[in-house]
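**Student:** Sharing protein29.csv here; it has CSV, C-alpha atoms and all ligand atoms.
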```
chain,number,residue,atom,x,y,z
G,1,MET,CA,-33.9,8.2,7.1
G,2,GLN,CA,-34.8,4.5,6.7
G,3,ALA,CA,-31.9,2.0,7.1
G,4,ILE,CA,-29.8,1.4,4.0
G,5,LYS,CA,-29.0,-2.2,3.2
G,6,VAL,CA,-25.8,-2.8,1.3
G,7,ARG,CA,-25.5,-6.2,-0.4
G,8,ALA,CA,-23.8,-7.8,-3.4
G,9,GLU,CA,-25.7,-7.4,-6.7
G,10,ALA,CA,-27.9,-10.2,-8.1
G,11,GLY,CA,-28.6,-10.9,-11.7
G,12,SER,CA,-32.1,-9.5,-11.2
G,13,ASP,CA,-30.6,-6.1,-10.2
G,14,PHE,CA,-28.9,-5.3,-13.5
G,15,ASN,CA,-31.7,-3.1,-14.9
G,16,ALA,CA,-32.1,-1.2,-11.7
G,17,ILE,CA,-28.3,-0.6,-11.5
G,18,ASP,CA,-28.4,0.7,-15.1
G,19,VAL,CA,-31.1,3.2,-14.0
G,20,VAL,CA,-29.0,4.3,-11.0
G,21,ASN,CA,-26.0,4.9,-13.3
G,22,LEU,CA,-28.0,6.6,-16.0
G,23,SER,CA,-29.6,9.0,-13.4
G,24,ALA,CA,-26.3,9.8,-11.5
G,25,PHE,CA,-24.1,10.4,-14.5
G,26,GLN,CA,-24.6,12.4,-17.7
G,27,GLY,CA,-24.7,10.0,-20.6
G,28,GLU,CA,-24.5,6.2,-20.8
G,29,ALA,CA,-20.8,5.6,-20.5
G,30,GLU,CA,-20.7,4.5,-16.9
G,31,ALA,CA,-23.8,2.2,-17.2
G,32,GLN,CA,-22.1,0.6,-20.3
G,33,LEU,CA,-18.8,0.2,-18.4
G,34,VAL,CA,-20.6,-1.6,-15.5
G,35,GLY,CA,-22.1,-4.1,-18.1
G,36,GLU,CA,-18.7,-4.6,-19.7
G,37,LEU,CA,-17.0,-5.0,-16.4
G,38,ARG,CA,-19.4,-7.9,-15.6
G,39,ARG,CA,-18.1,-9.7,-18.7
G,40,SER,CA,-14.4,-8.9,-18.0
G,41,PRO,CA,-11.8,-11.1,-16.3
G,42,GLY,CA,-11.3,-8.6,-13.5
G,43,PHE,CA,-15.0,-8.7,-12.3
G,44,ILE,CA,-15.5,-9.9,-8.7
G,45,PRO,CA,-19.3,-10.5,-8.1
G,46,ASP,CA,-19.0,-10.1,-4.4
G,47,LEU,CA,-17.5,-6.6,-4.9
G,48,SER,CA,-20.3,-5.2,-7.0
G,49,LEU,CA,-22.5,-3.8,-4.3
G,50,VAL,CA,-25.9,-2.2,-4.3
G,51,ALA,CA,-27.5,0.1,-1.7
G,52,GLU,CA,-31.2,-0.6,-1.1
G,53,LEU,CA,-33.6,1.8,0.5
G,54,ASN,CA,-37.1,0.5,1.1
G,55,GLY,CA,-36.4,-2.3,-1.3
G,56,ARG,CA,-35.4,0.0,-4.1
G,57,ILE,CA,-31.8,0.2,-5.4
G,58,VAL,CA,-30.5,3.7,-5.0
G,59,GLY,CA,-26.8,3.3,-5.2
G,60,HIS,CA,-24.1,1.1,-6.7
G,61,VAL,CA,-20.3,0.7,-6.5
G,62,VAL,CA,-18.0,-1.9,-8.1
G,63,LEU,CA,-14.5,-2.8,-7.3
G,64,SER,CA,-12.6,-4.9,-10.0
G,65,ARG,CA,-9.2,-6.4,-10.3
G,66,VAL,CA,-6.5,-4.5,-12.2
G,67,ALA,CA,-2.8,-5.1,-12.6
G,68,LEU,CA,-0.2,-2.9,-10.8
G,69,ARG,CA,3.0,-3.3,-12.8
G,70,ALA,CA,6.4,-2.4,-11.4
G,71,GLN,CA,9.9,-3.4,-12.4
G,72,GLY,CA,8.7,-6.1,-14.7
G,73,LYS,CA,6.4,-7.7,-12.2
G,74,SER,CA,2.7,-7.5,-11.9
G,75,ARG,CA,0.3,-8.0,-9.0
G,76,ASP,CA,-3.4,-7.5,-8.6
G,77,VAL,CA,-5.0,-4.6,-6.8
G,78,LEU,CA,-8.6,-3.4,-6.8
G,79,ALA,CA,-10.0,-0.4,-8.8
G,80,LEU,CA,-13.1,1.3,-7.3
G,81,GLY,CA,-15.6,2.6,-9.7
G,82,PRO,CA,-17.9,3.5,-11.2
G,83,MET,CA,-19.9,4.5,-8.2
G,84,SER,CA,-23.3,6.2,-8.2
G,85,VAL,CA,-26.2,7.3,-6.0
G,86,VAL,CA,-29.5,8.5,-7.5
G,87,PRO,CA,-29.7,12.3,-7.3
G,88,SER,CA,-32.9,12.2,-5.2
G,89,GLN,CA,-31.0,10.3,-2.4
G,90,SER,CA,-27.6,12.0,-2.6
G,91,HIS,CA,-26.0,13.8,0.4
G,92,ARG,CA,-27.6,11.3,2.8
G,93,GLY,CA,-24.6,9.1,3.5
G,94,ILE,CA,-25.4,6.4,1.0
G,95,GLY,CA,-22.2,6.8,-0.9
G,96,THR,CA,-20.3,6.6,2.4
G,97,GLU,CA,-22.1,3.4,3.3
G,98,LEU,CA,-21.2,1.9,-0.1
G,99,ILE,CA,-17.5,2.7,0.2
G,100,ASP,CA,-17.3,1.6,3.8
G,101,ALA,CA,-18.9,-1.7,2.8
G,102,ALA,CA,-16.7,-2.2,-0.2
G,103,VAL,CA,-13.5,-1.6,1.7
G,104,ALA,CA,-14.7,-4.0,4.5
G,105,ARG,CA,-15.5,-6.7,2.0
G,106,ALA,CA,-12.2,-6.2,0.1
G,107,ARG,CA,-10.0,-6.7,3.2
G,108,PRO,CA,-10.7,-10.5,3.7
G,109,LEU,CA,-10.2,-11.1,0.0
G,110,CYS,CA,-6.5,-10.4,0.6
G,111,TYR,CA,-6.0,-7.6,-1.9
G,112,GLU,CA,-3.3,-5.3,-0.9
G,113,ALA,CA,-4.7,-1.9,-2.1
G,114,ILE,CA,-7.5,-0.1,-3.7
G,115,VAL,CA,-7.1,2.7,-6.3
G,116,VAL,CA,-9.8,5.1,-7.6
G,117,ALA,CA,-9.9,7.6,-10.3
G,118,GLY,CA,-12.2,10.4,-9.2
G,119,HIS,CA,-13.0,13.5,-7.1
G,120,PRO,CA,-10.0,13.8,-4.7
G,121,GLU,CA,-12.0,15.7,-2.1
G,122,TYR,CA,-14.7,13.1,-2.0
G,123,TYR,CA,-12.4,10.0,-1.6
G,124,GLN,CA,-9.9,11.5,0.8
G,125,ARG,CA,-12.4,11.4,3.6
G,126,PHE,CA,-12.4,7.6,3.4
G,127,GLY,CA,-8.6,7.4,3.8
G,128,PHE,CA,-7.7,7.5,0.1
G,129,LYS,CA,-4.5,9.5,-0.5
G,130,PRO,CA,-2.9,10.7,-3.7
G,131,ALA,CA,-1.5,7.7,-5.5
G,132,ALA,CA,1.6,9.7,-6.3
G,133,ASN,CA,2.5,9.5,-2.6
G,134,TRP,CA,3.5,5.8,-3.3
G,135,GLY,CA,4.8,6.5,-6.8
G,136,VAL,CA,1.7,4.9,-8.3
G,137,SER,CA,0.4,6.2,-11.6
G,138,CYS,CA,-2.0,4.7,-14.2
G,139,ASN,CA,-2.5,4.3,-17.9
G,140,LEU,CA,-5.5,6.6,-18.1
G,141,GLU,CA,-5.3,10.3,-19.0
G,142,LEU,CA,-6.2,11.9,-15.7
G,143,PRO,CA,-5.5,15.1,-13.9
G,144,ASP,CA,-2.5,14.6,-11.6
G,145,ASP,CA,-4.5,14.6,-8.4
G,146,ALA,CA,-7.4,12.4,-9.6
G,147,LEU,CA,-5.8,9.0,-8.9
G,148,LEU,CA,-6.1,8.1,-5.3
G,149,ALA,CA,-5.1,4.9,-3.4
G,150,MET,CA,-5.5,3.2,-0.1
G,151,GLU,CA,-3.4,0.4,1.2
G,152,LEU,CA,-5.4,-2.5,2.7
G,153,VAL,CA,-2.2,-3.9,4.3
G,154,ASP,CA,0.9,-2.0,5.4
G,155,GLY,CA,3.3,-1.7,2.5
G,156,GLY,CA,0.7,-2.8,0.0
G,157,LEU,CA,1.8,-0.1,-2.4
G,158,ALA,CA,5.5,-0.1,-1.6
G,159,GLY,CA,7.5,0.2,-4.7
G,160,GLY,CA,4.8,2.0,-6.6
G,161,GLY,CA,4.1,1.2,-10.2
G,162,VAL,CA,1.6,1.7,-13.0
G,163,VAL,CA,-2.0,0.7,-12.6
G,164,GLU,CA,-3.2,-0.9,-15.9
G,165,TYR,CA,-6.9,-0.2,-16.3
G,166,PRO,CA,-8.5,-2.4,-19.0
G,167,ASP,CA,-9.4,-0.6,-22.2
G,168,ILE,CA,-13.1,-0.6,-21.3
G,169,PHE,CA,-12.3,2.3,-18.9
G,170,ARG,CA,-11.0,4.5,-21.7
G,171,ALA,CA,-14.6,5.5,-22.6
G,172,LEU,CA,-14.6,7.5,-19.4
G,173,PHE,CA,-11.1,9.0,-19.4
D,201,LIG,C1,-20.4,11.1,-5.6
D,201,LIG,C2,-21.7,10.4,-5.1
D,201,LIG,C3,-21.5,8.9,-5.3
D,201,LIG,C4,-21.8,10.7,-3.6
D,201,LIG,O1,-22.9,9.9,-3.1
D,201,LIG,P1,-23.6,10.5,-1.8
D,201,LIG,O2,-24.5,9.4,-1.3
D,201,LIG,O3,-24.2,11.8,-2.1
D,201,LIG,O4,-22.4,10.6,-0.8
D,201,LIG,P2,-22.5,10.9,0.8
D,201,LIG,O5,-23.9,11.4,1.2
D,201,LIG,O6,-21.9,9.8,1.5
D,201,LIG,O7,-21.5,12.1,0.9
D,201,LIG,C5,-21.9,13.4,0.5
D,201,LIG,C6,-20.7,14.3,0.5
D,201,LIG,O8,-19.9,14.0,-0.6
D,201,LIG,C7,-19.3,15.1,-1.1
D,201,LIG,N1,-19.5,15.1,-2.5
D,201,LIG,C8,-20.6,14.6,-3.2
D,201,LIG,N2,-20.3,14.7,-4.5
D,201,LIG,C9,-19.1,15.2,-4.7
D,201,LIG,C10,-18.3,15.5,-5.8
D,201,LIG,N3,-18.7,15.4,-7.0
D,201,LIG,N4,-17.1,16.0,-5.5
D,201,LIG,C11,-16.6,16.2,-4.3
D,201,LIG,N5,-17.3,15.9,-3.2
D,201,LIG,C12,-18.5,15.4,-3.4
D,201,LIG,C13,-19.9,16.3,-0.5
D,201,LIG,O9,-19.0,16.9,0.4
D,201,LIG,C14,-21.1,15.8,0.3
D,201,LIG,O10,-21.2,16.4,1.5
D,201,LIG,P3,-22.5,17.2,1.8
D,201,LIG,O11,-23.7,16.2,1.7
D,201,LIG,O12,-22.3,17.8,3.1
D,201,LIG,O13,-22.7,18.2,0.7
D,201,LIG,C15,-23.0,10.9,-5.7
D,201,LIG,O14,-23.1,12.2,-5.5
D,201,LIG,C16,-23.0,10.6,-7.2
D,201,LIG,O15,-23.5,9.5,-7.7
D,201,LIG,N6,-22.6,11.6,-8.0
D,201,LIG,C17,-22.6,11.5,-9.5
D,201,LIG,C18,-21.7,10.4,-10.0
D,201,LIG,C19,-20.3,10.5,-9.5
D,201,LIG,O16,-19.8,11.6,-9.6
D,201,LIG,N7,-19.8,9.4,-9.0
D,201,LIG,C20,-18.4,9.4,-8.5
D,201,LIG,C21,-17.4,9.3,-9.6
D,201,LIG,S1,-15.8,9.6,-9.0
```
Would you mind writing the file out in structure tokens?
**Tutor:**
Amino acid sequence: MQAIKVRAEAGSDFNAIDVVNLSAFQGEAEAQLVGELRRSPGFIPDLSLVAELNGRIVGHVVLSRVALRAQGKSRDVLALGPMSVVPSQSHRGIGTELIDAAVARARPLCYEAIVVAGHPEYYQRFGFKPAANWGVSCNLELPDDALLAMELVDGGLAGGGVVEYPDIFRALF
């Protein structure tokens, strides 16, 4: 397979990212969420990444800032998603490259943890574990095992808490 290039999105990529999301998911909710995330306070341009193959965008992942609240205090962590790879290029490691790149770029930004609401079997291979292991839950209606988390620094999730996804995520969950 040709080399995959993972880079931060540019304004000129927005339409192509829409196409990736529309092709990977059933319906428009994820594509709309990505657009809404770009206009939201939690958006971090350097953590909205595209995978390029032969100059064509074939995958996308976004990490955005969300609040983790515990015992009356709040701190920022990162929420991964939506994430998508075009069906014609799936099962070739592109999703893996996107997640590895996203985690690598998140570390120097000094966030303490990443959470993700999604397929447990898929994300556990990257080191995500059930968020419940740290006493972390969230404000979305998810199956118990569908919230996963990864500490970026030791103790990053100590004390647990509730991840407060912004309302724009409710269209998905
Ligand atoms: C999930 C997704 C991003 C994976 O991208 P990818 O480039 O195919 O991922 P990789 O090639 O790195 O890894 C593929 C492996 O992931 C696993 N996998 C893929 N989709 C999965 C799913 N829905 N549930 C669990 N595991 C899954 C499989 O074990 C697969 O292994 P295989 O190729 O041996 O069958 C892509 O399939 C996709 O866009 N799916 C539709 C949208 C979606 O579900 N996004 C994630 C929301 S949580």
**Student:** What separation in Å, quoted to one decimal, exists between atom CA of G:Val58 and atom CA of G:Ala8?
**Tutor:**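 Calculated distance between atom CA of G:Val58 and atom CA of G:Ala8 is 13.4 Å.
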**Student:** Step by step, measure atom-to-atom distances between ligand LIG 201 (chain D) and each residue using all atoms listed in the file, keep those at most 6 Å, then write them as a list in words.
**Tutor:**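 These are the residues that qualify: Ala24, Phe25, Met83, Ser84, Val85, Ser90, His91, Arg92, Gly93, Ile94, Gly95, Thr96, Gly118, His119, Glu121 and Tyr122 of chain G.
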**Student:** Identify, on the basis of all atoms listed in the file, every residue whose closest approach to G:Asn21 does not exceed 12 Å; exclude the query and any residue fewer than 4 positions from it along the same chain; express the result as a list in words.
**Tutor:** Phe14, Asn15, Ala16, Ile17, Phe25, Gln26, Gly27, Glu28, Ala29, Glu30, Ala31, Gln32, Leu33, Val34, Gly35, Val50, Ile57, Val58, Gly59, His60, Val61, Val62, Gly81, Pro82, Met83, Ser84, Val85, Val86 and Pro87 of chain G
**Student:** Counting only C-alpha atoms, what is within 7 Å of G:Val162, bar same-chain residues fewer than 5 positions away, as a PyMOL selection string?
**Tutor:** chain G and resi 68-70+136-139
**Student:** Any chance you could tabulate, as a Markdown table, the residues of stretch 33-55 of chain G at most 7 Å from stretch 3-6 of chain G with each one's nearest atom pair and distance in Å to one decimal, using only C-alpha atoms, in chain and rising number order?
**Tutor:**
```
| residue | atom | partner | partner_atom | distance |
| --- | --- | --- | --- | --- |
| G:Leu49 | CA | G:Val6 | CA | 6.6 |
| G:Val50 | CA | G:Val6 | CA | 5.6 |
| G:Ala51 | CA | G:Val6 | CA | 4.5 |
| G:Glu52 | CA | G:Lys5 | CA | 5.1 |
| G:Leu53 | CA | G:Ile4 | CA | 5.2 |
```
**Student:** For a quick check of understanding, using only C-alpha atoms, which of G:Gln2, G:Val116, G:Ala149, G:Arg125 has the smallest distance to G:Asn54?
**Tutor:**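 Nearest candidate to G:Asn54 out of G:Gln2, G:Val116, G:Ala149, G:Arg125: G:Gln2.
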**Student:** What is the distance between atom CA of G:Glu151 and atom CA of G:Phe128, in Å to one decimal?
**Tutor:**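 Straight-line distance from atom CA of G:Glu151 to atom CA of G:Phe128 works out to 8.4 Å.
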**Student:** Quick one: everything within 9 Å of G:Ala102, counting all atoms listed in the file, minus sequence neighbours fewer than 2 positions away in the same chain. Send it as a list in words.
**Tutor:**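 Result of the neighbour search: Leu47, Ser48, Leu49, Val61, Val62, Leu63, Leu80, Glu97, Leu98, Ile99, Asp100, Ala104, Arg105, Ala106 and Arg107 of chain G.
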**Student:** Rounded to one decimal in Å, what is the spacing between atom CA of G:Asp13 and atom CA of G:Pro120?
**Tutor:**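 Going from atom CA of G:Asp13 over to atom CA of G:Pro120, I get 29.2 Å.
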**Student:** For G:Ile44, which of G:Gly156, G:Tyr123, G:Leu109, G:Arg7 is the closest residue, counting only C-alpha atoms?
**Tutor:**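 Under the stated criterion, the closest residue is G:Leu109.
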**Student:** Kindly indicate which residue among G:Glu9, G:Asp154, G:Asp76, G:Asp144 lies nearest to G:Ala131, using all atoms listed in the file for the distances.
**Tutor:**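 Looking only at the distances to G:Ala131, the closest residue turns out to be G:Asp144.
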**Student:** Excluding G:Phe169 and its own-chain neighbours fewer than 2 positions away, which residues fall within 9 Å of it when counting only C-alpha atoms? Please give them as a PyMOL selection string.
**Tutor:** chain G and resi 30+33+140+165-167+171-173
**Student:** Restricting the calculation to all atoms listed in the file, which member of G:Leu22, G:Leu157, G:Leu78, G:Ile114 is positioned closest to G:Arg65?
**Tutor:** G:Leu78
**Student:** Counting only C-alpha atoms, figure out which residue out of G:Leu152, G:Val19, G:Ala132, G:Ile168 gets nearest to G:Pro108.
**Tutor:** G:Leu152
**Student:** Find, counting all atoms listed in the file, the residue in G:Leu147, G:Ala67, G:Val77, G:Leu142 that gets nearest to G:Pro130.
**Tutor:**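 That would be G:Leu147, the residue with the smallest distance to G:Pro130.
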**Student:** Could you rebuild stretch 124-135 of chain G with all heavy atoms and give it back as a PDB file, keeping the file's coordinate frame?
**Tutor:**
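The resulting file, result.pdb, is shown below:
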```pdb
ATOM      1  N   GLN G 124     -10.855  11.339  -0.279  1.00  0.00           N
ATOM      2  CA  GLN G 124      -9.900  11.500   0.800  1.00  0.00           C
ATOM      3  C   GLN G 124     -10.485  11.263   2.165  1.00  0.00           C
ATOM      4  O   GLN G 124      -9.837  10.809   3.091  1.00  0.00           O
ATOM      5  CB  GLN G 124      -9.131  12.795   0.677  1.00  0.00           C
ATOM      6  CG  GLN G 124      -8.183  12.762  -0.522  1.00  0.00           C
ATOM      7  CD  GLN G 124      -7.206  13.909  -0.595  1.00  0.00           C
ATOM      8  OE1 GLN G 124      -6.931  14.552   0.394  1.00  0.00           O
ATOM      9  NE2 GLN G 124      -6.679  14.164  -1.779  1.00  0.00           N
ATOM     10  N   ARG G 125     -11.770  11.544   2.297  1.00  0.00           N
ATOM     11  CA  ARG G 125     -12.400  11.400   3.600  1.00  0.00           C
ATOM     12  C   ARG G 125     -12.470   9.913   4.047  1.00  0.00           C
ATOM     13  O   ARG G 125     -12.669   9.609   5.207  1.00  0.00           O
ATOM     14  CB  ARG G 125     -13.814  11.972   3.608  1.00  0.00           C
ATOM     15  CG  ARG G 125     -14.804  11.121   2.841  1.00  0.00           C
ATOM     16  CD  ARG G 125     -16.133  11.779   2.732  1.00  0.00           C
ATOM     17  NE  ARG G 125     -16.022  13.014   1.981  1.00  0.00           N
ATOM     18  CZ  ARG G 125     -16.996  13.867   1.815  1.00  0.00           C
ATOM     19  NH1 ARG G 125     -18.155  13.646   2.376  1.00  0.00           N
ATOM     20  NH2 ARG G 125     -16.834  14.951   1.096  1.00  0.00           N
ATOM     21  N   PHE G 126     -12.319   9.010   3.090  1.00  0.00           N
ATOM     22  CA  PHE G 126     -12.400   7.600   3.400  1.00  0.00           C
ATOM     23  C   PHE G 126     -10.969   7.001   3.660  1.00  0.00           C
ATOM     24  O   PHE G 126     -10.812   5.798   3.837  1.00  0.00           O
ATOM     25  CB  PHE G 126     -13.046   6.793   2.300  1.00  0.00           C
ATOM     26  CG  PHE G 126     -14.417   7.300   1.997  1.00  0.00           C
ATOM     27  CD1 PHE G 126     -14.658   8.068   0.867  1.00  0.00           C
ATOM     28  CD2 PHE G 126     -15.461   7.047   2.870  1.00  0.00           C
ATOM     29  CE1 PHE G 126     -15.912   8.561   0.600  1.00  0.00           C
ATOM     30  CE2 PHE G 126     -16.732   7.531   2.618  1.00  0.00           C
ATOM     31  CZ  PHE G 126     -16.954   8.293   1.486  1.00  0.00           C
ATOM     32  N   GLY G 127      -9.953   7.874   3.595  1.00  0.00           N
ATOM     33  CA  GLY G 127      -8.600   7.400   3.800  1.00  0.00           C
ATOM     34  C   GLY G 127      -7.803   7.212   2.539  1.00  0.00           C
ATOM     35  O   GLY G 127      -6.646   6.794   2.585  1.00  0.00           O
ATOM     36  N   PHE G 128      -8.439   7.491   1.385  1.00  0.00           N
ATOM     37  CA  PHE G 128      -7.700   7.500   0.100  1.00  0.00           C
ATOM     38  C   PHE G 128      -6.716   8.655   0.130  1.00  0.00           C
ATOM     39  O   PHE G 128      -7.064   9.741   0.588  1.00  0.00           O
ATOM     40  CB  PHE G 128      -8.584   7.524  -1.077  1.00  0.00           C
ATOM     41  CG  PHE G 128      -9.326   6.240  -1.338  1.00  0.00           C
ATOM     42  CD1 PHE G 128     -10.573   6.012  -0.769  1.00  0.00           C
ATOM     43  CD2 PHE G 128      -8.771   5.255  -2.133  1.00  0.00           C
ATOM     44  CE1 PHE G 128     -11.260   4.825  -0.998  1.00  0.00           C
ATOM     45  CE2 PHE G 128      -9.450   4.062  -2.372  1.00  0.00           C
ATOM     46  CZ  PHE G 128     -10.698   3.851  -1.803  1.00  0.00           C
ATOM     47  N   LYS G 129      -5.523   8.433  -0.427  1.00  0.00           N
ATOM     48  CA  LYS G 129      -4.500   9.500  -0.500  1.00  0.00           C
ATOM     49  C   LYS G 129      -4.036   9.566  -1.971  1.00  0.00           C
ATOM     50  O   LYS G 129      -4.233   8.606  -2.734  1.00  0.00           O
ATOM     51  CB  LYS G 129      -3.342   9.199   0.393  1.00  0.00           C
ATOM     52  CG  LYS G 129      -3.726   9.129   1.863  1.00  0.00           C
ATOM     53  CD  LYS G 129      -2.484   9.200   2.726  1.00  0.00           C
ATOM     54  CE  LYS G 129      -2.839   9.365   4.199  1.00  0.00           C
ATOM     55  NZ  LYS G 129      -3.294   8.150   4.845  1.00  0.00           N
ATOM     56  N   PRO G 130      -3.392  10.680  -2.353  1.00  0.00           N
ATOM     57  CA  PRO G 130      -2.900  10.700  -3.700  1.00  0.00           C
ATOM     58  C   PRO G 130      -1.998   9.531  -4.028  1.00  0.00           C
ATOM     59  O   PRO G 130      -1.079   9.217  -3.262  1.00  0.00           O
ATOM     60  CB  PRO G 130      -2.082  12.050  -3.748  1.00  0.00           C
ATOM     61  CG  PRO G 130      -2.684  12.878  -2.658  1.00  0.00           C
ATOM     62  CD  PRO G 130      -3.103  11.905  -1.587  1.00  0.00           C
ATOM     63  N   ALA G 131      -2.286   8.861  -5.131  1.00  0.00           N
ATOM     64  CA  ALA G 131      -1.500   7.700  -5.500  1.00  0.00           C
ATOM     65  C   ALA G 131      -0.039   8.002  -5.681  1.00  0.00           C
ATOM     66  O   ALA G 131       0.844   7.164  -5.457  1.00  0.00           O
ATOM     67  CB  ALA G 131      -2.101   7.015  -6.731  1.00  0.00           C
ATOM     68  N   ALA G 132       0.195   9.261  -6.092  1.00  0.00           N
ATOM     69  CA  ALA G 132       1.600   9.700  -6.300  1.00  0.00           C
ATOM     70  C   ALA G 132       2.414   9.581  -5.042  1.00  0.00           C
ATOM     71  O   ALA G 132       3.646   9.470  -5.111  1.00  0.00           O
ATOM     72  CB  ALA G 132       1.592  11.127  -6.841  1.00  0.00           C
ATOM     73  N   ASN G 133       1.768   9.610  -3.870  1.00  0.00           N
ATOM     74  CA  ASN G 133       2.500   9.500  -2.600  1.00  0.00           C
ATOM     75  C   ASN G 133       3.310   8.159  -2.573  1.00  0.00           C
ATOM     76  O   ASN G 133       4.310   8.056  -1.876  1.00  0.00           O
ATOM     77  CB  ASN G 133       1.558   9.448  -1.399  1.00  0.00           C
ATOM     78  CG  ASN G 133       0.945  10.804  -1.132  1.00  0.00           C
ATOM     79  OD1 ASN G 133       1.125  11.730  -1.914  1.00  0.00           O
ATOM     80  ND2 ASN G 133       0.202  10.922  -0.043  1.00  0.00           N
ATOM     81  N   TRP G 134       2.809   7.142  -3.283  1.00  0.00           N
ATOM     82  CA  TRP G 134       3.500   5.800  -3.300  1.00  0.00           C
ATOM     83  C   TRP G 134       4.247   5.636  -4.646  1.00  0.00           C
ATOM     84  O   TRP G 134       4.710   4.538  -4.920  1.00  0.00           O
ATOM     85  CB  TRP G 134       2.502   4.689  -3.155  1.00  0.00           C
ATOM     86  CG  TRP G 134       1.882   4.573  -1.799  1.00  0.00           C
ATOM     87  CD1 TRP G 134       2.419   3.958  -0.698  1.00  0.00           C
ATOM     88  CD2 TRP G 134       0.601   5.048  -1.393  1.00  0.00           C
ATOM     89  NE1 TRP G 134       1.541   4.034   0.357  1.00  0.00           N
ATOM     90  CE2 TRP G 134       0.420   4.690  -0.037  1.00  0.00           C
ATOM     91  CE3 TRP G 134      -0.433   5.754  -2.032  1.00  0.00           C
ATOM     92  CZ2 TRP G 134      -0.733   5.005   0.681  1.00  0.00           C
ATOM     93  CZ3 TRP G 134      -1.579   6.067  -1.312  1.00  0.00           C
ATOM     94  CH2 TRP G 134      -1.718   5.697   0.023  1.00  0.00           C
ATOM     95  N   GLY G 135       4.242   6.674  -5.480  1.00  0.00           N
ATOM     96  CA  GLY G 135       4.800   6.500  -6.800  1.00  0.00           C
ATOM     97  C   GLY G 135       3.960   5.650  -7.711  1.00  0.00           C
ATOM     98  O   GLY G 135       4.452   4.966  -8.617  1.00  0.00           O
TER      99      GLY G 135
END
```
